[in-house]
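Heads up: the structure comes next, in structure tokens.
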Amino acid sequence: MDTMRDRFAPVVSRILDDDPRVAVVLAEIGKDGFAEARRLHPDRVINVGIREQLLVGAAAGLALTGMRPVVHTFASFLVERPFEQVKLDLGHQDVGAVLVSAAASFDWPAGGYTHMAPGDVALLDTLDGWTVHVPGHPDEAETLLRHAVAAGDDKVYVRLSVQANRQGLAVDGRRLRTVREGRSGVVVAVGPMLDAVLAATEGFDVTVLYATTVRPFDAAALRRATEAAGTDVVLVEPYLAGTSTAAVSEVLSDVPHRVLGLGVGRRELRRYGTVEEHVVAHGLDARSLRERIGAFAGAAVPR
């Protein structure tokens with residue numbers, strides 16, 4: 001199966017062919033995927049070199065002229081390194097762009113911590129007005145990329161990962177999707193975490209909601225689910241643990257509730273290892289999730 005990032009360049013290249021308003025801004029990373037698009041549209045595929053602050057600044061300049069820029073590099077270089085430009089050049093000037101990241105939380109362990117960004121969504125959460133998509137499958141990534149580019153002048157972040165569920169689901173860029181219904185709690189699985197959550201909760205009497213768009217958070221869907229299944233909520237996110245607990249608490253602020261946020265821990269893992277080893281180390285594999293969710297929900301976990 002191709003990866004989400006494999007799908008990115010072909011999809012956006014086709015959009016470039018169809019929409020003269022769209023431009024792609026790169027900082028070396030990913031440029032090979034746009035070689036043909038750059039030949040066809042030399043004025044709308046721009047490589048600024050290894051200058052991530054300029055990457056975002058140039059995108060903001062294009063947006064000020066009425067263009068719809070699609071900006072791509074690793075998450076740590078797209079959100080964290082040029083955060084001041086994201087905050088000011090896009091946010092303060094009130095212009096939009098589509099930021100598309102790769103490498104996610106720990107997709108390239110050999111790159112070390114400089115190439116990891118488990119705090120990217122939490123960091124964007126300090127700013128106003130961002131839509132955040134977290135696809136769990138390449139098909140979903142394609143759908144959400146098209147939604148993002150077509151979203152007028154909105155500020156949109158699309159978080160791509162090499163981790164993926166086995167099967168893509170129909171997503172609309174807005175709503176949580178109910179995957180399983182139960183009566184003793186709600187588990188929200190974000191993006192690539194769905195397969196592990198379904199395996200972890202097999203036999204548990206819980207509702208499983210699937211989120212591929214986490215900002216804005218779908219308050220109405222969570223509210224409906226908790227009315228039937230109770231107000232114990234577990235969030236399983238592929239980035240910093242607890243990133244969306246405040247969003248859940250806001251939805252349920254008028255009723256007693258409990259929230260457990262599971263995700264990537266704050267402690268830096270200083271051994272490169274593999275993606276799979278990082279998943280286990282952060283307790284995001286199905287076995288670890290089953291124990292943690294079971295303990296929170298009071299469900300018996302067979303040995």
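Going by the structure tokens order, chains are called A, B, ..., each with residues numbered from 1, while ligands are numbered from 1 in the order shown.
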Would you pick out the contacts of Gly283 (chain A) at 9 Å or less, using only C-alpha atoms, so that residues sharing its chain but fewer than 4 positions from it are not included, and give the list as a PyMOL selection string? chain A and resi 262-265+278-279+287-289+292
Using DSSP on the backbone coordinates, identify all residues within region 78-298 of chain A classified as strand (DSSP E or B); present the result as a ChimeraX atom specification. /A:97-102,130-133,155-159,177-180,186-190,207-211,213-215,232-240,258-264
I'd like a table as JSON lines: residues in region 235-284 of chain A with an atom no more than 10 Å from region 165-186 of chain A, each row giving the shortest atom pair and its distance in Å to one decimal, only C-alpha atoms counted, sorted by chain and rising residue number.
{"residue": "A:Leu235", "atom": "CA", "partner": "A:Val186", "partner_atom": "CA", "distance": 8.6}
{"residue": "A:Arg258", "atom": "CA", "partner": "A:Gly185", "partner_atom": "CA", "distance": 9.7}
{"residue": "A:Val259", "atom": "CA", "partner": "A:Val186", "partner_atom": "CA", "distance": 9.7}
Okay, now the selection with all heavy atoms, as a short mmCIF file (atom, residue, chain, number, x, y, z; two decimals), in the first residue's frame?
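The resulting file, out32.cif, is shown below:
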data_model
loop_
_atom_site.label_atom_id
_atom_site.label_comp_id
_atom_site.auth_asym_id
_atom_site.auth_seq_id
_atom_site.Cartn_x
_atom_site.Cartn_y
_atom_site.Cartn_z
N LEU A 235 -9.39 9.48 24.98
CA LEU A 235 -8.85 10.01 23.73
C LEU A 235 -7.57 9.26 23.41
O LEU A 235 -6.67 9.17 24.26
CB LEU A 235 -8.52 11.49 23.85
CG LEU A 235 -9.68 12.48 23.80
CD1 LEU A 235 -9.23 13.80 24.41
CD2 LEU A 235 -10.11 12.70 22.36
N ARG A 258 -15.33 12.16 33.13
CA ARG A 258 -13.91 11.82 33.29
C ARG A 258 -13.30 11.73 31.90
O ARG A 258 -13.93 11.25 30.96
CB ARG A 258 -13.72 10.49 34.00
CG ARG A 258 -14.23 10.44 35.44
CD ARG A 258 -13.75 9.17 36.12
NE ARG A 258 -14.13 7.98 35.37
CZ ARG A 258 -13.45 6.82 35.40
NH1 ARG A 258 -12.34 6.71 36.12
NH2 ARG A 258 -13.89 5.78 34.71
N VAL A 259 -12.04 12.18 31.77
CA VAL A 259 -11.35 12.13 30.49
C VAL A 259 -9.96 11.55 30.70
O VAL A 259 -9.23 11.99 31.60
CB VAL A 259 -11.23 13.53 29.84
CG1 VAL A 259 -10.58 13.41 28.46
CG2 VAL A 259 -12.58 14.21 29.74
#
Residue contacts of region 63-75 of chain A (8 Å, only C-alpha atoms) excluding same-chain residues fewer than 6 positions away, as a VMD selection string: chain A and resid 21 to 27 29 to 30 55 to 56 95 to 104 115 to 117 120 149 153 159
